[in-house]
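Visitor: My questions will all concern the structure given below.
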Amino acid sequence: MPGGFARTWLLRLAAVTCTLALPATAIALASPAQARERSVGYLLRTLTVAAENQAGYDRDLFPMWTVQDSRGCDTRDIVLIDEALRGPAIGPSCAVGTGRWVSVYDEVTVTDPHLLDIDHMVPLAEAWASGGRTWDEDTRRAYANDLGYARSLIAVTASTNRSKGDQDPAEWMPPVVSYRCTYISDWIGIKFRWRLAVDATERAALRTYVTSCGNPKITVPRRALPR
């Protein structure tokens with residue numbers, strides 16, 4: 001199956017619509033007002049500022065990876081297929097084989113999918129500490145397998161993903177400097193989508209990057225949770 005970033009929304013929205021069972025409180029339909037573009041600085045100003053609370057966090061509280069389609073492809077498989085620049089070979093039960101990927105964090109080309117991690121742009125621990133600790137299990141599952149926003153999950157080299165760990169942009173940024181403006185835009189977009197807070201240090205770092213990046217505009221992400 002051919003890959004390519006151009007098909008991101010079609011593949012991911014189709015997968016979510018067809019197979020991912022979400023609670024009534026999750027993944028609201030987009031409204032015309034939410035389809036507009038706004039600056040990331042504007043979206044950042046809408047985020048609640050609050051201290052992080054890591055109490056009770058356990059990665060296992062976020063079930064993943066959810067099977068997404070009739071081929072047996074789970075969330076990880078879908079991201080790999082979607083982001084492949086060539087291939088990949090798909091075996092029985094959606095076994096993803098050789099293809100070609102470029103890890104945007106470090107610009108490393110990878111042909112073996114086993115060398116890639118699927119990174120939660122806003123890590124699970126960060127989501128928990130920023131408001132996700134109040135979510136029920138279905139909402140945590142929806143977050144961990146979010147194919148409804150193109151940059152929530154991305155395939156990157158295992159080494160950069162593990163270097164990042166659970167750190168926010170005040171603590172870690174991608175080694176590729178030219179990717180950092182995209183990174184902070186995606187980070188802010190996801191926090192807006194899931195109504196997650198930012199802590200004071202994180203917000204200060206994001207504001208600095210927003211300014212240095214020229215306050216770029218993005219399409220306002222569809223809200224995943226109601227007010």
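The way I read the labels, and the way they are meant: chains A, B, ... in the order of the structure tokens, residue 1 as the first residue of every chain, and ligand 1 as the first ligand shown, with later ones counted on from there.
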With only C-alpha atoms as the counted atoms, please give the residues lying no more than 12 Å from Thr109 in chain A, apart from itself and same-chain residues fewer than 2 positions off, as a list of chain:residue names.
Guide: A:Ala84, A:Leu85, A:Arg86, A:Gly99, A:Arg100, A:Trp101, A:Val102, A:Ser103, A:Val104, A:Tyr105, A:Asp106, A:Glu107, A:Thr111, A:Asp112, A:Pro113, A:Leu115, A:Leu116, A:Ala155, A:Val156, A:Thr157
Visitor: Contacts of Trp194 in chain A at 8 Å or less, counting only C-alpha atoms, minus same-chain residues fewer than 5 places along, as a ChimeraX atom specification?
Guide: /A:223-225
Visitor: What does the distance from CA of Cys213 in chain A to CA of Leu80 in chain A come to in Å, to one decimal?
Guide: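 Distance reported for this atom pair: 28.7 Å.
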Visitor: Between A:Arg193, A:Arg38, A:His114, A:Arg76, which residue has the minimum interatomic distance to Met64 in chain A, considering only C-alpha atoms?
Guide: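 The shortest atom-to-atom distance to Met64 in chain A comes from A:Arg76.
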Visitor: Please extract the residues of range 110-175 of chain A with a backbone DSSP assignment of helix (DSSP H, G or I) and present them as a list in words.
Guide: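 Helix (DSSP H, G or I) members of range 110-175 of chain A, listed: Pro113, His114, Leu115, Leu124, Ala125, Glu126, Ala127, Trp128, Ala129, Gly132, Arg133, Thr134, Glu137, Asp138, Thr139, Arg140, Arg141, Ala142, Tyr143, Ala144, Ala158, Ser159, Thr160, Asn161, Arg162, Ser163 and Lys164 of chain A.
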Visitor: Could those selected residues go to a file with N, CA and C atoms, as a short mmCIF file (atom, residue, chain, number, x, y, z; two decimals), in the first residue's frame?
Guide:
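And here is the file that came out, part.cif:
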data_model
loop_
_atom_site.label_atom_id
_atom_site.label_comp_id
_atom_site.auth_asym_id
_atom_site.auth_seq_id
_atom_site.Cartn_x
_atom_site.Cartn_y
_atom_site.Cartn_z
N PRO A 113 10.87 -1.13 9.94
CA PRO A 113 9.91 -0.49 10.85
C PRO A 113 10.17 -0.78 12.32
N HIS A 114 10.89 -1.87 12.59
CA HIS A 114 11.19 -2.21 13.98
C HIS A 114 12.15 -1.22 14.63
N LEU A 115 12.79 -0.39 13.82
CA LEU A 115 13.69 0.63 14.35
C LEU A 115 12.98 1.94 14.66
N LEU A 124 2.23 10.54 27.04
CA LEU A 124 1.15 10.08 27.91
C LEU A 124 1.29 10.65 29.32
N ALA A 125 2.50 10.64 29.85
CA ALA A 125 2.71 11.16 31.20
C ALA A 125 2.41 12.65 31.27
N GLU A 126 2.77 13.37 30.21
CA GLU A 126 2.48 14.80 30.14
C GLU A 126 0.98 15.04 30.07
N ALA A 127 0.28 14.23 29.27
CA ALA A 127 -1.17 14.37 29.18
C ALA A 127 -1.83 14.11 30.53
N TRP A 128 -1.37 13.07 31.22
CA TRP A 128 -1.90 12.74 32.55
C TRP A 128 -1.70 13.92 33.50
N ALA A 129 -0.50 14.45 33.54
CA ALA A 129 -0.16 15.51 34.49
C ALA A 129 -0.84 16.83 34.14
N GLY A 132 -5.22 14.85 32.08
CA GLY A 132 -5.71 13.53 31.73
C GLY A 132 -5.95 12.60 32.91
N ARG A 133 -5.45 12.97 34.08
CA ARG A 133 -5.66 12.11 35.25
C ARG A 133 -7.13 12.04 35.65
N THR A 134 -7.94 12.94 35.15
CA THR A 134 -9.38 12.92 35.44
C THR A 134 -10.19 12.12 34.42
N GLU A 137 -11.26 5.47 31.37
CA GLU A 137 -10.40 4.60 30.56
C GLU A 137 -10.67 4.75 29.07
N ASP A 138 -11.93 4.91 28.67
CA ASP A 138 -12.23 5.05 27.25
C ASP A 138 -11.59 6.31 26.67
N THR A 139 -11.58 7.38 27.44
CA THR A 139 -10.97 8.62 26.95
C THR A 139 -9.46 8.48 26.88
N ARG A 140 -8.87 7.81 27.88
CA ARG A 140 -7.43 7.57 27.83
C ARG A 140 -7.06 6.70 26.63
N ARG A 141 -7.90 5.71 26.32
CA ARG A 141 -7.66 4.87 25.14
C ARG A 141 -7.74 5.72 23.87
N ALA A 142 -8.74 6.59 23.81
CA ALA A 142 -8.90 7.46 22.64
C ALA A 142 -7.68 8.34 22.46
N TYR A 143 -7.15 8.87 23.55
CA TYR A 143 -5.96 9.72 23.46
C TYR A 143 -4.75 8.92 22.99
N ALA A 144 -4.55 7.75 23.55
CA ALA A 144 -3.38 6.93 23.21
C ALA A 144 -3.39 6.46 21.77
N ALA A 158 13.74 5.26 17.36
CA ALA A 158 13.62 4.90 18.78
C ALA A 158 14.55 5.73 19.64
N SER A 159 15.73 6.05 19.12
CA SER A 159 16.70 6.79 19.93
C SER A 159 16.21 8.19 20.25
N THR A 160 15.59 8.89 19.28
CA THR A 160 15.10 10.24 19.57
C THR A 160 13.85 10.21 20.45
N ASN A 161 13.00 9.22 20.23
CA ASN A 161 11.81 9.11 21.06
C ASN A 161 12.19 8.88 22.52
N ARG A 162 13.19 8.05 22.73
CA ARG A 162 13.59 7.75 24.11
C ARG A 162 14.41 8.87 24.72
N SER A 163 15.09 9.64 23.88
CA SER A 163 15.76 10.84 24.37
C SER A 163 14.73 11.87 24.85
N LYS A 164 13.64 12.00 24.12
CA LYS A 164 12.57 12.90 24.49
C LYS A 164 11.88 12.45 25.77
#
Visitor: Which distance in Å separates CA of Leu196 in chain A and CA of Leu147 in chain A, to one decimal?
Guide: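 One can read the CA of Leu196 in chain A to CA of Leu147 in chain A distance as 17.6 Å.
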Visitor: Between A:Arg45, A:Lys191, A:Arg36, A:Arg59, which is the closest to Ala204 in chain A once you count only C-alpha atoms?
Guide: A:Arg45
Visitor: When you look at Thr208 in chain A with a cut-off of 12 Å (counting only C-alpha atoms), what residues show up, excluding the ones that are within fewer than 6 positions of it in the same chain? I need them as a VMD selection string.
Guide: chain A and resid 40 to 41 44 169 to 170 180 to 181 184 201 to 202 214 to 215
Visitor: Identify all residues of range 67-175 of chain A in strand (DSSP E) (DSSP on the backbone) and supply them as a PyMOL selection string.
Guide: chain A and resi 101-103+108-110+116-120+153-157
Visitor: Residues near Ser39 in chain A, anyone? I mean within 7 Å using only C-alpha atoms, not counting same-chain ones fewer than 2 positions away, as a ChimeraX atom specification.
Guide: /A:37,41-43,215-218
Visitor: Pick out the residues sitting within 7 Å of Leu47 in chain A, and hand them over as a ChimeraX atom specification; count only C-alpha atoms, and ignore anything fewer than 4 positions along from it in its own chain.
Guide: /A:43,192,197-198
